[in-house]
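Q: The structure follows.
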Amino acid sequence: MTGTLKKSAVKVIIILALFLTISLTDQSPRQAHAQPGPYSVNMIVNPSFEGNPPPSSQCATFPCWVTDTFNDGNVGSTITRNSTLSVTGNYSERLDLSSTPIANNPAIVGPMNEGHITLYQQLYQQVASTYFDNFTDRPDGLNLWMYLQPKFAGFSLFDIRIKASDSTEMDYFYTNPAAFSVANGIFVNSTNGGEQGKPVKEIVLPTLPLNKWIHFTRNLRQDWQAPMTLPNGTIARGFFPLNITIDRLMLEATFYRSPSLVTYGTTAWIDDVDLYVNSNTPPLPPPPSNYWTAFDFTDASGASVNDMVKWRVFNSTGSLVSGYTQRDSTLGLEPYYVEVYYPTTTGQNPEPYRILEYKIIYLNTTTTVGLQMYLDPQTVTPWGYMALNNTATVSFTKENASLMQFNLQGTQGIPYTIIVAVTQKPILIQRNNDDPSLVQWIYDSTAGVARITTVITGNFSIFLTPPIKVPSIGFTDLLSNPVSNNLSWKLFNSQGTQVTIVPGQYLQKDNYTLQVYYYGYVIYKGNLDPAASSLKLQMFPISSPETGYIAFNSTVSSVSILENTATAFSFKAEGTGPSTIAVNVLAEPIRIEKDGAAISSWTYNSKSGTVAIQTAQLGTFTIVYSNTAPTIPLLYVGAVAGAVAIATAGLLVRRRTKLRTPTQSRPVEKKSETKEQPKQKIPRKGQR
């Protein structure tokens, strides 16, 4: 009997203990295992990163975001709370990979060819454990927003990892096949190959678009239970039970350096992380949609251009806020962007008239938005505003009824769209001195604008009437030898203003005067012929090969070199005058004679080694050097031998050029003799 009572007492104690155990379990505030409630709530703490990170010590007892760039990361990689991009509120989390192939962890020896940085939140330490059975069965049971930006050679890999408290693991991968190939067996399902010999399931997702916000959504409960294919083709089921608790959610960006030392990396922004569980408590209501925004648009000078531009508002993920009007209190608390268009919107991709995308920093306020729009203070019909889509400095150099010229200084290599309001289609647009066919532009007659696209900045000319092209002119001397050394030329318009030009440049049509200089002395002045390709100058070589010249600014019919020695240089010239004669000399003269009489109308330039003689009439000129024989400069090496052929020769010159001044007359053959030495005839052209 006593034994029976003892057994009955034991049974009562066991039943009471079980009852107490069940009662305690029912009192657990988060243990929803086997009794899901009617609500679905997000179990992630600080899901949109709006709250400041708590001290790391707090994360040991309460869920919070933890950053790990040390254990498996490379030097220079960072994870930070960031306000550059976000979906909800003003902040997101930014994972940024460095290109340095050195491990942050000194325990990792040698170069790092693969590593990752991790942002995670540990969940099982909450008041009561959450079983996988408690996850809400919904298509977005796990969802977050991500913005992936490729770095270095391109995007590498981004991983979303779910880890149970017993180390069972399921991973979602977004990968660049050029860096990580599924075919290479990198992503392998296993029933015992994970940490502590636990199962691991690898889910490789299709390549996602880069450089834009992407909404990642998965039914976590279904994915956890789904069978997986092993490397040998076997289908494995039941290795991911629902009766275990979740440990953590991990978000990882991977650094990779290939065997050929090509580096792949990523900058990732993460926002609005949701992991839904069943609950008897309703979730918090969404933030109210009672925010508004408004704008004032100004040009580069600060003047209002509200009535000249169009705009549209987009939310943080790039969706158009259709029909929004300024100060309409219907916006939620999230970042917004305003796109500005000049002069019209189009709905194309890319937008050809978009000149700015501007992030609205503050809601419930009117924002002044400065635009890259410029108006020449001297604007005349048919021109209007110029607008740019990127930051630059613009200065207008000329604007009239048929021409606009401006200088644009910006960042070389980035794409610029230049939109110029003009009421008629241009004839030609030139950038710097490039071939106009290389400039990409169109004219939109409906909008009344010319739109230029370029990655090269500099000087631009827009012509509304046919221009003229500056020719590339080759110069020759009187013996048809090419001349280029020590020559320069300038161009002047009909008002006498010098025009800065180079061959190939287009100019507004005008009567231009060409002036040619030898050592700075004007030796030619005449009207520019745009069709000319060569011009014969009144220059006679002192030696052969041609290393020095006698240059005239008037027309000569014959030239004879009478003496070319270390003590004197003498020549005879016939033709029209008056003249400026520029002569290369061996040294500074002690005197100069004309027709045997000393003259004073001459100057010597020691820097160029030239003499300039001013004379009313041509004749015989003798340049006498110092009695001390000078050292013959390199200019005259070989001159003595060349002078044998030239010094005693006369010249028959027949000018054949389209660029003849009105004072230049057709030359005639004329013989010349001196008392000092008889003159020989120079062979006619073709007999040299």
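Going by the structure tokens order, chains are called A, B, ..., each with residues numbered from 1, while ligands are numbered from 1 in the order shown.
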Per DSSP on the backbone, what are the helix (DSSP H, G or I) residues of segment 196-360 of chain A, as a list in words?

A: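 Going through segment 196-360 of chain A, the helix (DSSP H, G or I) residues come out as Gln196, Gly197, Leu220, Arg221, Gln222, Asp223, Trp224, Gln225, Asn306, Asp307 and Met308 of chain A.
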
Q: Please identify which residues in segment 365-423 of chain A DSSP calls strand (DSSP E) from the backbone, and express them as a PyMOL selection string.

A: chain A and resi 366-370+373-374+383-388+393-400+403-409+416-422

Q: Excluding same-chain residues fewer than 4 positions from Val439 of chain A, what lies within 12 Å of it counting only C-alpha atoms, as a PyMOL selection string?

A: chain A and resi 417-418+428-435+451-457+460-462

Q: Given the selection you just returned, output its residues as a file containing N, CA and C atoms, formatted as a compact mmCIF listing (two decimals), in the first residue's frame.

A:
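Now in selection37.txt:
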```txt
# COMPACT_ATOMS: atom_id res chain seq x y z
N THR A 417 25.89 67.37 -71.91
CA THR A 417 24.84 67.75 -72.86
C THR A 417 24.72 69.27 -72.80
N ILE A 418 24.89 69.92 -73.94
CA ILE A 418 24.80 71.37 -74.04
C ILE A 418 23.55 71.69 -74.84
N LEU A 428 26.45 74.88 -89.09
CA LEU A 428 27.65 74.13 -88.71
C LEU A 428 27.97 74.43 -87.26
N ILE A 429 28.47 73.39 -86.53
CA ILE A 429 28.95 73.56 -85.16
C ILE A 429 30.36 72.99 -85.09
N GLN A 430 31.29 73.80 -84.58
CA GLN A 430 32.67 73.35 -84.45
C GLN A 430 33.09 73.40 -82.98
N ARG A 431 33.82 72.36 -82.55
CA ARG A 431 34.38 72.29 -81.20
C ARG A 431 35.89 72.41 -81.32
N ASN A 432 36.47 73.43 -80.62
CA ASN A 432 37.89 73.73 -80.76
C ASN A 432 38.21 73.86 -82.25
N ASN A 433 39.20 73.13 -82.76
CA ASN A 433 39.48 73.18 -84.19
C ASN A 433 39.26 71.82 -84.84
N ASP A 434 38.39 71.01 -84.19
CA ASP A 434 38.11 69.68 -84.70
C ASP A 434 37.33 69.75 -86.00
N ASP A 435 37.41 68.65 -86.74
CA ASP A 435 36.55 68.50 -87.90
C ASP A 435 35.10 68.55 -87.42
N ARG A 451 21.05 70.66 -79.50
CA ARG A 451 21.55 69.85 -78.38
C ARG A 451 22.86 69.19 -78.79
N ILE A 452 23.94 69.53 -78.08
CA ILE A 452 25.28 69.02 -78.36
C ILE A 452 25.66 68.04 -77.26
N THR A 453 26.18 66.88 -77.63
CA THR A 453 26.70 65.92 -76.66
C THR A 453 28.20 65.77 -76.89
N THR A 454 28.98 65.87 -75.79
CA THR A 454 30.44 65.87 -75.93
C THR A 454 31.08 65.44 -74.62
N VAL A 455 32.25 64.82 -74.72
CA VAL A 455 33.08 64.54 -73.55
C VAL A 455 34.33 65.41 -73.58
N ILE A 456 34.42 66.28 -74.60
CA ILE A 456 35.55 67.19 -74.76
C ILE A 456 35.06 68.61 -74.56
N THR A 457 35.72 69.36 -73.71
CA THR A 457 35.33 70.74 -73.49
C THR A 457 36.28 71.67 -74.24
N PHE A 460 33.54 76.46 -78.51
CA PHE A 460 32.48 76.02 -79.41
C PHE A 460 32.01 77.20 -80.24
N SER A 461 31.74 76.94 -81.52
CA SER A 461 31.20 77.95 -82.43
C SER A 461 29.97 77.37 -83.11
N ILE A 462 28.86 78.11 -83.02
CA ILE A 462 27.60 77.68 -83.66
C ILE A 462 27.28 78.71 -84.74
```
